[in-house]
Amino acid sequence: MSFSHPNADVPKQKVRTFINLLDYIGKDYPRAVQDGEIISEFEYNEMVNFSRQVADLHTDLGKEIDQPSFTTLGNNIAKLQKVITEKAPAEKVRHLTSGIREAILKLGLVKVTPKQWPDWGNGKQIFEKRCQSCHGAAGLGDGPLAAGLNPPPTNFQESANADNMSPLQAYNTIRLGLDGTAMRAFSELSDQQVWDVAFYINALNYKREVPDSIQTTIMQTLADTATLRSVSLYTNQQWKELFRSKNIDAEQGMPVVRGLTGDPSSSSSTLAKALALLENSQQAYLNRNYSQARRYALDAYLDGVEPEESQIHAANPELVKQVETKMLAVRSAIQNRVDEQEVATKIQSATLAIQEAQNLLDNQEYSFWVNFLLAASILLREGLEAFLIIMVILGVLRSVGAGRTAKYVHGGWIVALLVGMGGWFVVQSLIGFSSLQRELMEAIGAGVAVAMLIYIGFWMHSKTHATQWTRFIKERVQGLASRESMWGLALLSFIVVFREAFESIIFLSSISLKSAGGNAGIYLALIAVAMLITGIGYVFNRVTRNIPVRQLFRYSSLMLAVLAVILIGKGVRSLQEAGYIEIGSLPVNWNIPALGLYTTWPTILAQVAVLTIIGGLWYYSNHLARQLQSA
C-alpha cells in the first residue's frame, strides 16, 4: 500500500504526504508490533514500506528544500527505519515520528491550519454524503459498503485510532487518499470543506454533554492554549496528556476541545484569557523568568481585561477601578522582584476581581429601565462636557461681536452627532484596534490635548489684562470676522463633540449587548438627555449674556489648566497600562480617575511638570502686562 500523489502543488503535496506517512506510522505501529514481536505481518510490512517512503521523500524533497534543519532530519529518519527493523516499543517509534513531524511543521512549508474555525454542521453534511457509506453513520467503519472492502474502513471511535488522530492527519488523508484502499483523494472538495470534515471526524468519539460550569472552567484554563493551530495539530492523545498536566478530567476536556467552534480567548468575554495569562505569569515568576512574567501580566490586562472594560463599566464603574488597580499591582510586584508569596497574593487578588467581573457579565441582563438609567447617565456626563465647551465658544463669539460665525460652530457639532449616530451601527469597525493601540492612541490624544489646552489657556489668560484685552478686541476679533476664517471653529466644535460621541458609542454598545428586550431604553435615554441639555443650554445662554467677557476668559483659562492636569494624568496612565513606562506605585492608594489622579511616580511627576509650565506661562503673562502698563 502507498499514498497517492495528485499532481497539484508540488512540492507542497509531497510535504503533506511526508507528514501523513509519519502520522500513520506513529498511529498504526502498535497494530504491527507488541512486546518486540510481530503481531500482524501485513501491518509490519506496511510500517517498513512507509518508513522507506519517508526516507525516499526526504531525499527527493531535499533537492528542492535548501534548509539545513530539513537536511538533518535524515539522521532521525534513519533511526526510525532502524527501530522498526528492531521491532522496538511503540512509544519509541511514536517519539521519533512526532519529533520528525514537529520539525517539518516548524519549517512552515505547508499551511497546517484552516483559514477559519471549521463548521461542524457542514462537516457533518459532507461526511453523511461522501463518507458514511463506508465508515458508517457513527464512524465505526460499519457502513453499507464496508463488508466488501479490504482493508476495512477506519473505525474512528476505536481507541487506538481516536487517540492518535489529529485534524491535520485527517485533512491530509482526505486530501491525498490511500492507494490500495477504497480511500480516494477528495480533490473536488475545497480546503475549508476538507477541514470541516476533518474536525467533525476527530469529534466523533467525544460527543458527550459537559455541564456549562465545567465547560467554562475548562475554557478558562485553555484560553491561552486552545488556538486554531493547536486544535488542528494536536492529536487526541496529546490533548489528554495536556489535560493531565493541568488537572483536567480528559472525559470532560476532550468533548470541550473537540467541540470548539471558535477560539476560547475570543469568546463573548476575554476575561477567561486574562485569568489564564495571570496563571502563566505566576508560573513564569516561580521559574525566575521575570521578563516573561511581566509580559504575561501585561497581556492579561491588554488582551483580557481592557476589551471588556466598557461592558464592566456600564454595569459597575467601581469594579473597573478595582480590576485596573489590582492588575497594576501585579505588574508592580513583578517589576520590583518581590517575594514569590507576595506576587501570588497580588495575582490571587486580581483573579478574584476578574472573576467577579466575569460573573457580572455572564449573569446580568439589563431591563428597560436599567438600560434607560445607565444610558442616560453616560449620555448626560459625556454630553455636558461637550455642551459646556460649545456654549463657551458661542458665548465668546457673541460677546465680541462675531455672532454670525455661530452657524459654523453649530454645523461642526451637528456633523459630529451625525457621524456618531452612524458609528453606533458600525461600532465594531470604529473600535477595531487592538488594546495596545487604543491605549497608545489615548495617550497620544491626551498629550496633544494637553499641549493645546496649555496654549489656549495661556492665550485666554493673557487677554484678561485690560491693555491686552483692548488690543485683542480691536485687532484680532474684527480681523477674524473680516477674514471669514470660520472653518477652524467648525472643526473645533466637531472634534470636541465627536470625541464625546465616540466614547458614548463604546459604552452604549456594551449596554446593548446585555439588553434583555432590545434598545428601547437606550433610545428613550437619547431623547430625554437631548431635551434636558437643550433646556440647560437655553438657561445657560440667558445667564451668560450678563457675564463680562474678560471674566469669562479668566474662568475659562483656569478651567483649561485643570483639564490639562487631569488629561496628562490619564495620558501617562494609558502609557503605564500599555507597558510603555513603568508603574512606580506610591505607598498610598488615593486614585481618583475622574480627576486623572493616580498615586504613581510617573503620573504625579507629569502633573507637577504641567502645573509648573502653566504657572511659568501665567507668570510671564502677568509680567508682560505690567511692562505694557508702565510703558
# chains A, B, ... in the order shown; residues from 1 in each chain; ligands from 1
>>> residues_around(residues="Trp120 in chain A", least_positions_apart="3", cutoff="9 Å", atoms="only C-alpha atoms", output="PDB file with all heavy atoms, in the first residue's frame")
ATOM      1  N   GLY A 123     -19.373  20.000   8.055  1.00  0.00           N
ATOM      2  CA  GLY A 123     -18.575  18.779   8.095  1.00  0.00           C
ATOM      3  C   GLY A 123     -19.439  17.537   8.209  1.00  0.00           C
ATOM      4  O   GLY A 123     -19.185  16.518   7.560  1.00  0.00           O
ATOM      5  N   LYS A 124     -20.487  17.642   9.030  1.00  0.00           N
ATOM      6  CA  LYS A 124     -21.405  16.502   9.192  1.00  0.00           C
ATOM      7  C   LYS A 124     -22.142  16.202   7.895  1.00  0.00           C
ATOM      8  O   LYS A 124     -22.276  15.019   7.500  1.00  0.00           O
ATOM      9  CB  LYS A 124     -22.407  16.809  10.304  1.00  0.00           C
ATOM     10  CG  LYS A 124     -23.409  15.686  10.558  1.00  0.00           C
ATOM     11  CD  LYS A 124     -24.379  16.051  11.677  1.00  0.00           C
ATOM     12  CE  LYS A 124     -25.353  14.896  11.908  1.00  0.00           C
ATOM     13  NZ  LYS A 124     -26.328  15.222  12.977  1.00  0.00           N
ATOM     14  N   GLN A 125     -22.606  17.236   7.194  1.00  0.00           N
ATOM     15  CA  GLN A 125     -23.316  17.034   5.922  1.00  0.00           C
ATOM     16  C   GLN A 125     -22.418  16.361   4.891  1.00  0.00           C
ATOM     17  O   GLN A 125     -22.841  15.436   4.185  1.00  0.00           O
ATOM     18  CB  GLN A 125     -23.819  18.370   5.391  1.00  0.00           C
ATOM     19  CG  GLN A 125     -24.966  18.970   6.193  1.00  0.00           C
ATOM     20  CD  GLN A 125     -25.414  20.315   5.645  1.00  0.00           C
ATOM     21  OE1 GLN A 125     -24.995  20.731   4.571  1.00  0.00           O
ATOM     22  NE2 GLN A 125     -26.262  21.011   6.387  1.00  0.00           N
ATOM     23  N   ASP A 196     -13.524  21.050   7.470  1.00  0.00           N
ATOM     24  CA  ASP A 196     -14.800  20.842   8.172  1.00  0.00           C
ATOM     25  C   ASP A 196     -14.995  19.364   8.481  1.00  0.00           C
ATOM     26  O   ASP A 196     -15.371  18.994   9.605  1.00  0.00           O
ATOM     27  CB  ASP A 196     -15.963  21.349   7.312  1.00  0.00           C
ATOM     28  CG  ASP A 196     -15.997  22.868   7.194  1.00  0.00           C
ATOM     29  OD1 ASP A 196     -15.287  23.537   7.963  1.00  0.00           O
ATOM     30  OD2 ASP A 196     -16.727  23.377   6.316  1.00  0.00           O
ATOM     31  N   VAL A 197     -14.724  18.510   7.498  1.00  0.00           N
ATOM     32  CA  VAL A 197     -14.885  17.066   7.699  1.00  0.00           C
ATOM     33  C   VAL A 197     -13.844  16.548   8.686  1.00  0.00           C
ATOM     34  O   VAL A 197     -14.144  15.726   9.561  1.00  0.00           O
ATOM     35  CB  VAL A 197     -14.766  16.315   6.360  1.00  0.00           C
ATOM     36  CG1 VAL A 197     -14.914  14.803   6.579  1.00  0.00           C
ATOM     37  CG2 VAL A 197     -15.812  16.796   5.373  1.00  0.00           C
ATOM     38  N   PHE A 199     -12.334  18.030  11.180  1.00  0.00           N
ATOM     39  CA  PHE A 199     -12.683  18.369  12.562  1.00  0.00           C
ATOM     40  C   PHE A 199     -13.870  17.543  13.040  1.00  0.00           C
ATOM     41  O   PHE A 199     -13.913  17.117  14.200  1.00  0.00           O
ATOM     42  CB  PHE A 199     -12.994  19.866  12.669  1.00  0.00           C
ATOM     43  CG  PHE A 199     -11.790  20.723  12.982  1.00  0.00           C
ATOM     44  CD1 PHE A 199     -10.727  20.813  12.101  1.00  0.00           C
ATOM     45  CD2 PHE A 199     -11.720  21.437  14.163  1.00  0.00           C
ATOM     46  CE1 PHE A 199      -9.627  21.593  12.374  1.00  0.00           C
ATOM     47  CE2 PHE A 199     -10.616  22.232  14.464  1.00  0.00           C
ATOM     48  CZ  PHE A 199      -9.558  22.300  13.563  1.00  0.00           C
ATOM     49  N   TYR A 200     -14.838  17.312  12.154  1.00  0.00           N
ATOM     50  CA  TYR A 200     -16.010  16.513  12.528  1.00  0.00           C
ATOM     51  C   TYR A 200     -15.599  15.081  12.869  1.00  0.00           C
ATOM     52  O   TYR A 200     -16.045  14.517  13.881  1.00  0.00           O
ATOM     53  CB  TYR A 200     -17.019  16.515  11.393  1.00  0.00           C
ATOM     54  CG  TYR A 200     -18.231  15.651  11.662  1.00  0.00           C
ATOM     55  CD1 TYR A 200     -19.238  16.077  12.527  1.00  0.00           C
ATOM     56  CD2 TYR A 200     -18.369  14.394  11.068  1.00  0.00           C
ATOM     57  CE1 TYR A 200     -20.350  15.283  12.795  1.00  0.00           C
ATOM     58  CE2 TYR A 200     -19.467  13.595  11.325  1.00  0.00           C
ATOM     59  CZ  TYR A 200     -20.456  14.044  12.188  1.00  0.00           C
ATOM     60  OH  TYR A 200     -21.551  13.245  12.456  1.00  0.00           O
ATOM     61  N   GLY A 259     -15.128  20.049  20.565  1.00  0.00           N
ATOM     62  CA  GLY A 259     -16.390  20.691  20.214  1.00  0.00           C
ATOM     63  C   GLY A 259     -16.262  22.184  19.982  1.00  0.00           C
ATOM     64  O   GLY A 259     -17.255  22.865  19.736  1.00  0.00           O
ATOM     65  N   THR A 261     -15.903  25.684  18.397  1.00  0.00           N
ATOM     66  CA  THR A 261     -16.214  26.291  17.092  1.00  0.00           C
ATOM     67  C   THR A 261     -15.587  27.673  16.987  1.00  0.00           C
ATOM     68  O   THR A 261     -15.874  28.423  16.062  1.00  0.00           O
ATOM     69  CB  THR A 261     -17.740  26.413  16.911  1.00  0.00           C
ATOM     70  OG1 THR A 261     -18.291  27.176  17.999  1.00  0.00           O
ATOM     71  CG2 THR A 261     -18.381  25.055  16.859  1.00  0.00           C
TER      72      THR A 261
END
>>> select_by_dssp(residues="range 149-343 of chain A", states="alpha helix (DSSP H)", output="NGL selection string")
:A and (159-163 or 167-176 or 191-203 or 212-221 or 228-233 or 236-245 or 250-258 or 271-286 or 290-299 or 309-315 or 317-335 or 340-343)
>>> residues_around(residues="range 75-78 of chain A", least_positions_apart="3", cutoff="9 Å", atoms="only C-alpha atoms", output="PyMOL selection string")
chain A and resi 51+54-55+58+71-72+81-83+96-97+99-100
>>> atom_distance(atom1="CA of Lys570 in chain A", atom2="CA of Gly596 in chain A")
5.1 Å
>>> residues_around(residues="Ile84 in chain A", least_positions_apart="6", cutoff="8 Å", atoms="only C-alpha atoms", output="PDB file with C-alpha atoms, in the first residue's frame")
ATOM      1  CA  MET A  47       5.346   0.055   8.532  1.00  0.00           C
ATOM      2  CA  VAL A  48       8.602  -0.930   6.829  1.00  0.00           C
ATOM      3  CA  VAL A  93       8.552   4.818  17.347  1.00  0.00           C
TER       4      VAL A  93
END
>>> closest_residue(among="A:Lys407, A:Lys14, A:Arg130, A:Lys92", to="Gly62 in chain A", atoms="only C-alpha atoms")
A:Lys14
>>> residues_around(residues="range 220-226 of chain A", least_positions_apart="5", cutoff="12 Å", atoms="only C-alpha atoms", output="PyMOL selection string")
chain A and resi 117+213-215+231-234+239+242-243+245-248+253-254+256-267+269-281+296+299-300+303-304+351+354-355+358
>>> atom_distance(atom1="CA of Ile19 in chain A", atom2="CA of Leu107 in chain A")
12.2 Å
>>> atom_distance(atom1="CA of Gly108 in chain A", atom2="CA of Phe156 in chain A")
28.3 Å
